[in-house]
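Undergrad: This is the content of target.txt (compact mmCIF, C-alpha atoms):
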# COMPACT_ATOMS: atom_id res chain seq x y z
CA MET A 1 -24.72 -16.07 -26.00
CA GLU A 2 -22.06 -17.88 -23.98
CA LYS A 3 -20.23 -18.84 -27.19
CA ILE A 4 -20.31 -15.19 -28.35
CA ASN A 5 -18.87 -14.04 -25.03
CA ARG A 6 -16.06 -16.61 -25.27
CA GLU A 7 -15.24 -15.51 -28.80
CA LEU A 8 -15.34 -11.86 -27.76
CA ASP A 9 -12.97 -12.57 -24.89
CA LYS A 10 -10.55 -14.18 -27.35
CA TYR A 11 -10.83 -11.16 -29.64
CA ILE A 12 -10.12 -8.72 -26.79
CA GLU A 13 -7.05 -10.69 -25.74
CA ALA A 14 -5.80 -10.94 -29.31
CA PHE A 15 -5.95 -7.16 -29.72
CA SER A 16 -4.45 -6.33 -26.32
CA SER A 17 -0.73 -6.02 -25.64
CA ALA A 18 0.93 -9.40 -25.19
CA GLU A 19 0.99 -11.01 -21.76
CA ASP A 20 4.36 -11.07 -20.01
CA GLU A 21 5.85 -14.60 -19.90
CA LEU A 22 6.09 -14.56 -16.10
CA LEU A 23 2.39 -13.68 -15.86
CA THR A 24 1.50 -16.48 -18.28
CA GLU A 25 3.36 -18.90 -16.02
CA LEU A 26 1.68 -17.51 -12.91
CA ASP A 27 -1.73 -17.93 -14.51
CA ARG A 28 -0.92 -21.55 -15.35
CA GLN A 29 0.40 -22.33 -11.85
CA THR A 30 -2.66 -20.73 -10.28
CA ASN A 31 -4.95 -22.92 -12.36
CA LEU A 32 -2.94 -26.04 -11.47
CA LYS A 33 -2.48 -25.46 -7.74
CA VAL A 34 -5.15 -23.16 -6.31
CA ILE A 35 -8.80 -23.67 -5.45
CA GLN A 36 -11.04 -21.20 -7.34
CA PRO A 37 -8.35 -20.12 -9.83
CA ARG A 38 -10.92 -17.91 -11.60
CA MET A 39 -10.24 -15.35 -8.86
CA ILE A 40 -7.02 -14.42 -10.66
CA SER A 41 -7.15 -11.03 -12.40
CA GLY A 42 -5.94 -12.33 -15.75
CA HIS A 43 -4.41 -10.83 -18.86
CA VAL A 44 -6.89 -8.13 -19.93
CA GLN A 45 -7.72 -6.82 -16.47
CA GLY A 46 -4.06 -6.97 -15.50
CA LYS A 47 -3.00 -4.91 -18.51
CA PHE A 48 -5.77 -2.42 -17.74
CA LEU A 49 -4.47 -2.04 -14.16
CA GLU A 50 -0.94 -1.52 -15.44
CA ILE A 51 -2.07 1.18 -17.89
CA LEU A 52 -4.11 2.99 -15.22
CA THR A 53 -1.09 2.97 -12.92
CA ARG A 54 1.17 4.40 -15.63
CA MET A 55 -1.39 7.15 -16.27
CA HIS A 56 -1.94 8.09 -12.62
CA ARG A 57 1.75 7.87 -11.61
CA PRO A 58 1.17 6.92 -7.95
CA GLY A 59 4.01 6.79 -5.46
CA ASN A 60 2.27 4.42 -3.05
CA ILE A 61 -0.31 1.77 -3.88
CA LEU A 62 -2.38 -0.31 -1.45
CA GLU A 63 -3.78 -3.60 -2.72
CA ILE A 64 -6.36 -5.43 -0.62
CA GLY A 65 -6.36 -9.06 -1.74
CA THR A 66 -3.15 -10.41 -3.26
CA PHE A 67 -4.41 -13.90 -4.17
CA THR A 68 -1.49 -15.36 -6.17
CA GLY A 69 -0.06 -11.97 -7.11
CA TYR A 70 -1.10 -11.46 -10.74
CA SER A 71 -2.68 -8.04 -10.22
CA THR A 72 0.15 -7.08 -7.86
CA LEU A 73 2.73 -7.66 -10.58
CA CYS A 74 0.65 -5.67 -13.08
CA LEU A 75 0.28 -2.73 -10.72
CA ALA A 76 3.99 -2.88 -9.88
CA ALA A 77 4.85 -2.85 -13.60
CA GLY A 78 3.10 0.50 -13.94
CA LEU A 79 4.91 2.05 -10.96
CA ALA A 80 7.98 4.22 -11.29
CA GLU A 81 11.21 2.62 -10.05
CA ASP A 82 10.92 4.35 -6.66
CA GLY A 83 7.22 3.48 -6.23
CA VAL A 84 5.96 0.97 -3.66
CA ILE A 85 2.93 -1.31 -3.56
CA ASP A 86 1.81 -2.76 -0.23
CA THR A 87 -0.29 -5.85 -0.92
CA ILE A 88 -2.26 -7.67 1.78
CA GLU A 89 -3.59 -11.24 1.67
CA VAL A 90 -5.42 -12.99 4.50
CA GLU A 91 -4.80 -16.55 3.24
CA ASP A 92 -1.26 -17.44 4.31
CA GLU A 93 -1.11 -20.61 2.19
CA LEU A 94 -1.04 -18.45 -0.95
CA GLU A 95 2.11 -16.62 0.11
CA ALA A 96 4.54 -19.23 -1.24
CA ILE A 97 3.17 -18.90 -4.77
CA SER A 98 2.96 -15.11 -4.87
CA SER A 99 6.29 -14.43 -3.15
CA GLY A 100 8.05 -16.86 -5.49
CA PHE A 101 6.86 -14.91 -8.52
CA PHE A 102 7.54 -11.55 -6.87
CA ASN A 103 11.13 -12.62 -6.29
CA ARG A 104 11.52 -13.54 -9.96
CA SER A 105 10.01 -10.32 -11.30
CA VAL A 106 12.05 -7.29 -12.35
CA HIS A 107 9.45 -5.29 -10.43
CA GLY A 108 9.72 -7.34 -7.26
CA HIS A 109 11.71 -4.67 -5.40
CA LYS A 110 8.64 -2.41 -5.50
CA ILE A 111 6.41 -4.95 -3.70
CA ARG A 112 5.87 -5.19 0.08
CA GLN A 113 3.89 -8.32 0.91
CA HIS A 114 1.78 -8.61 4.08
CA ILE A 115 -0.21 -11.55 5.44
CA GLY A 116 -3.23 -10.89 7.63
CA SER A 117 -6.50 -8.99 7.73
CA ALA A 118 -6.33 -5.81 5.66
CA LEU A 119 -8.49 -4.10 8.27
CA GLU A 120 -5.73 -4.68 10.81
CA VAL A 121 -2.62 -4.43 8.63
CA ALA A 122 -3.33 -1.39 6.44
CA PRO A 123 -3.82 1.24 9.18
CA GLY A 124 -0.57 0.11 10.79
CA LEU A 125 1.47 0.83 7.66
CA GLY A 126 1.43 4.54 8.46
CA LYS A 127 1.04 5.60 4.83
CA VAL A 128 -1.20 7.73 2.67
CA PHE A 129 -1.86 6.00 -0.64
CA ASP A 130 -2.23 7.53 -4.09
CA LEU A 131 -4.04 4.46 -5.44
CA VAL A 132 -5.98 1.69 -3.71
CA PHE A 133 -7.12 -1.52 -5.39
CA ILE A 134 -9.83 -3.41 -3.48
CA ASP A 135 -10.21 -7.08 -4.36
CA GLY A 136 -10.57 -8.79 -0.99
CA ASP A 137 -13.43 -10.40 0.92
CA LYS A 138 -16.64 -9.01 -0.59
CA ARG A 139 -18.35 -9.13 2.80
CA GLU A 140 -15.80 -6.64 4.08
CA TYR A 141 -16.01 -4.11 1.23
CA PRO A 142 -18.00 -1.61 3.37
CA ASP A 143 -15.41 -1.89 6.15
CA TYR A 144 -12.54 -1.44 3.68
CA TYR A 145 -14.21 1.72 2.41
CA LYS A 146 -14.66 3.14 5.92
CA MET A 147 -11.02 2.39 6.70
CA ILE A 148 -9.73 3.91 3.47
CA MET A 149 -11.80 7.08 3.62
CA GLY A 150 -11.69 7.62 7.39
CA ASP A 151 -14.12 9.76 9.35
CA ASN A 152 -14.10 12.48 12.00
CA ASP A 153 -12.48 10.17 14.55
CA LYS A 154 -10.02 8.26 12.36
CA PRO A 155 -7.84 9.55 9.53
CA GLY A 156 -8.20 7.81 6.20
CA LEU A 157 -5.52 6.19 4.06
CA VAL A 158 -5.99 8.39 0.99
CA ARG A 159 -5.69 12.07 0.10
CA SER A 160 -7.53 14.39 -2.26
CA GLY A 161 -6.69 13.17 -5.75
CA SER A 162 -6.19 9.54 -4.78
CA VAL A 163 -7.87 6.86 -6.88
CA ILE A 164 -9.80 3.89 -5.43
CA LEU A 165 -10.42 0.93 -7.74
CA ALA A 166 -12.85 -1.77 -6.61
CA ASP A 167 -13.20 -5.11 -8.39
CA ASN A 168 -16.44 -7.11 -8.70
CA ILE A 169 -18.85 -4.25 -7.96
CA LEU A 170 -21.47 -5.77 -10.29
CA TRP A 171 -20.79 -9.27 -8.86
CA TYR A 172 -21.84 -11.22 -11.96
CA GLY A 173 -25.11 -9.27 -12.11
CA LYS A 174 -26.23 -10.39 -8.66
CA VAL A 175 -26.54 -6.76 -7.49
CA ILE A 176 -29.80 -6.41 -9.44
CA GLU A 177 -31.25 -9.80 -8.50
CA ASP A 178 -33.23 -10.92 -5.46
CA ILE A 179 -30.67 -11.70 -2.76
CA PRO A 180 -30.94 -14.78 -0.53
CA ALA A 181 -30.76 -13.90 3.16
CA ASN A 182 -27.49 -15.78 3.56
CA ASP A 183 -25.70 -14.17 0.59
CA LEU A 184 -23.43 -11.88 2.60
CA HIS A 185 -21.00 -11.37 -0.30
CA THR A 186 -23.62 -9.74 -2.53
CA LYS A 187 -24.97 -7.73 0.39
CA GLY A 188 -21.46 -6.44 1.07
CA ILE A 189 -21.02 -5.32 -2.54
CA ILE A 190 -24.43 -3.61 -2.61
CA GLU A 191 -23.71 -1.76 0.63
CA PHE A 192 -20.28 -0.69 -0.68
CA ASN A 193 -21.84 0.68 -3.87
CA ARG A 194 -24.43 2.59 -1.83
CA MET A 195 -21.77 4.08 0.44
CA VAL A 196 -19.70 5.30 -2.51
CA ARG A 197 -22.73 6.79 -4.26
CA GLU A 198 -23.82 8.69 -1.15
CA ASP A 199 -20.35 9.95 -0.17
CA ASP A 200 -19.92 13.55 -1.35
CA ARG A 201 -16.16 13.30 -0.82
CA VAL A 202 -15.74 11.18 -3.95
CA GLU A 203 -16.65 11.12 -7.61
CA ASN A 204 -17.59 7.74 -9.05
Using structure tokens, write down the structure that the file contains.

TA:
Amino acid sequence: MEKINRELDKYIEAFSSAEDELLTELDRQTNLKVIQPRMISGHVQGKFLEILTRMHRPGNILEIGTFTGYSTLCLAAGLAEDGVIDTIEVEDELEAISSGFFNRSVHGHKIRQHIGSALEVAPGLGKVFDLVFIDGDKREYPDYYKMIMGDNDKPGLVRSGSVILADNILWYGKVIEDIPANDLHTKGIIEFNRMVREDDRVEN
């Protein structure tokens, strides 16, 4: 089964639009220099994000979880020239890699990079976002959702018609398995999924 999945992945990549050379280099540098490089979005997911952005035509994007910037560059590629993506990463040691590639990209002028907790940084940006991409700390997914959607006491960060994309919501199938008491990442994903399902303000 694993061999079939690997071959299928190769097939999907072969029949997807070619990866930009800068993204290929970023993928390589991430695998050489970063712990847990598998966290990078990668070619197929990145192209999918770019296409979704081109279709939705957002003016402002919020990205929670920059990592080394692969998905950021893909989202920025789909933005119009006057669009802006605010991307937030809590791990400051990753900034040198991502900012270096942002500076080299033709889409770099659309990117605003922030270091810190998204729960603290995002509300202070004073923006309403047309598209939000959540790919941060899985334990904080429920808190991201509360922040993004707002409630009676706090305004949210989106409007009617905004799109929220959340990565890893199946979490390698762990969401349907027995969860160890200390697995806070899976618990965070499950709670996020429940909150979205039960929120009549959204369609999912």

Undergrad: What are the centre and the three edge lengths of an axis-aligned box that wraps all atoms of segment 164-176 of chain A in the file, given that 3 Å is added to every side, written as lines of an AutoDock Vina configuration file and rounded to one decimal in Å?

TA:
center_x = -19.8
center_y = -3.7
center_z = -8.8
size_x = 26.0
size_y = 21.1
size_z = 12.7

Undergrad: Within 10 Å of Ala122 of chain A, counting all atoms listed in the file, which residues qualify if same-chain residues fewer than 3 places away don't, as JSON, numbers by chain?

TA: {"A": [62, 63, 64, 86, 87, 88, 114, 116, 117, 118, 119, 125, 126, 127, 144, 147, 148, 157]}

Undergrad: Between A:Ala77, A:Leu184, A:Leu52, A:Val34, single out the one closest to Arg139 of chain A, counting only C-alpha atoms.

TA: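 So, comparing all the options, the nearest one is A:Leu184.
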
Undergrad: Figure out the distance between atom CA of Leu165 of chain A and atom CA of Gln113 of chain A, please, to one decimal in Å.

TA: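 Atom CA of Leu165 of chain A lies at a distance of 19.1 Å from atom CA of Gln113 of chain A.
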
Undergrad: Which polymer residues have any atom within 8 Å of an atom of Gly65 of chain A, counting only C-alpha atoms, with same-chain residues fewer than 4 positions away left out, as a list in words?

TA: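 In the requested form, the answer reads Thr87, Ile88, Glu89, Val90, Ile134, Asp135, Gly136 and Asp137 of chain A.
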
Undergrad: With only C-alpha atoms as the counted atoms, please give the residues lying no more than 10 Å from Lys47 of chain A, apart from itself and same-chain residues fewer than 5 positions off, as number ranges by chain.

TA: A: 16-20, 41-42, 52-53, 71, 74-75, 77-78

Undergrad: May I have the residues from that selection written out with C-alpha atoms, as an mmCIF file, in the coordinates of the input?

TA:
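Saved the output as result_32.cif:
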data_model
loop_
_atom_site.group_PDB
_atom_site.id
_atom_site.type_symbol
_atom_site.label_atom_id
_atom_site.label_comp_id
_atom_site.auth_asym_id
_atom_site.auth_seq_id
_atom_site.Cartn_x
_atom_site.Cartn_y
_atom_site.Cartn_z
ATOM 1 C CA SER A 16 -4.450 -6.330 -26.320
ATOM 2 C CA SER A 17 -0.730 -6.020 -25.640
ATOM 3 C CA ALA A 18 0.930 -9.400 -25.190
ATOM 4 C CA GLU A 19 0.990 -11.010 -21.760
ATOM 5 C CA ASP A 20 4.360 -11.070 -20.010
ATOM 6 C CA SER A 41 -7.150 -11.030 -12.400
ATOM 7 C CA GLY A 42 -5.940 -12.330 -15.750
ATOM 8 C CA LEU A 52 -4.110 2.990 -15.220
ATOM 9 C CA THR A 53 -1.090 2.970 -12.920
ATOM 10 C CA SER A 71 -2.680 -8.040 -10.220
ATOM 11 C CA CYS A 74 0.650 -5.670 -13.080
ATOM 12 C CA LEU A 75 0.280 -2.730 -10.720
ATOM 13 C CA ALA A 77 4.850 -2.850 -13.600
ATOM 14 C CA GLY A 78 3.100 0.500 -13.940
#

Undergrad: Pick from A:Leu23, A:Leu94, A:Ile189, A:Ile51: nearest to Tyr172 of chain A, with only C-alpha atoms counted?

TA: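 Under the stated criterion, the closest residue is A:Ile189.
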
Undergrad: Given only C-alpha atoms as the basis, pick out the residue of A:Asp82, A:Glu50, A:Asp200, A:Asp143 nearest to Glu120 of chain A.

TA: A:Asp143

Undergrad: Ile176 of chain A: which residues within 12 Å, counting all atoms listed in the file, same-chain residues fewer than 3 positions away excluded, as a PyMOL selection string?

TA: chain A and resi 169-173+179+186-187+189-190

Undergrad: Mind giving me the straight-line distance from atom CA of Val175 of chain A to atom CA of Lys138 of chain A in Å, one decimal?

TA: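 So the two atoms, atom CA of Val175 of chain A and atom CA of Lys138 of chain A, lie 12.3 Å apart.
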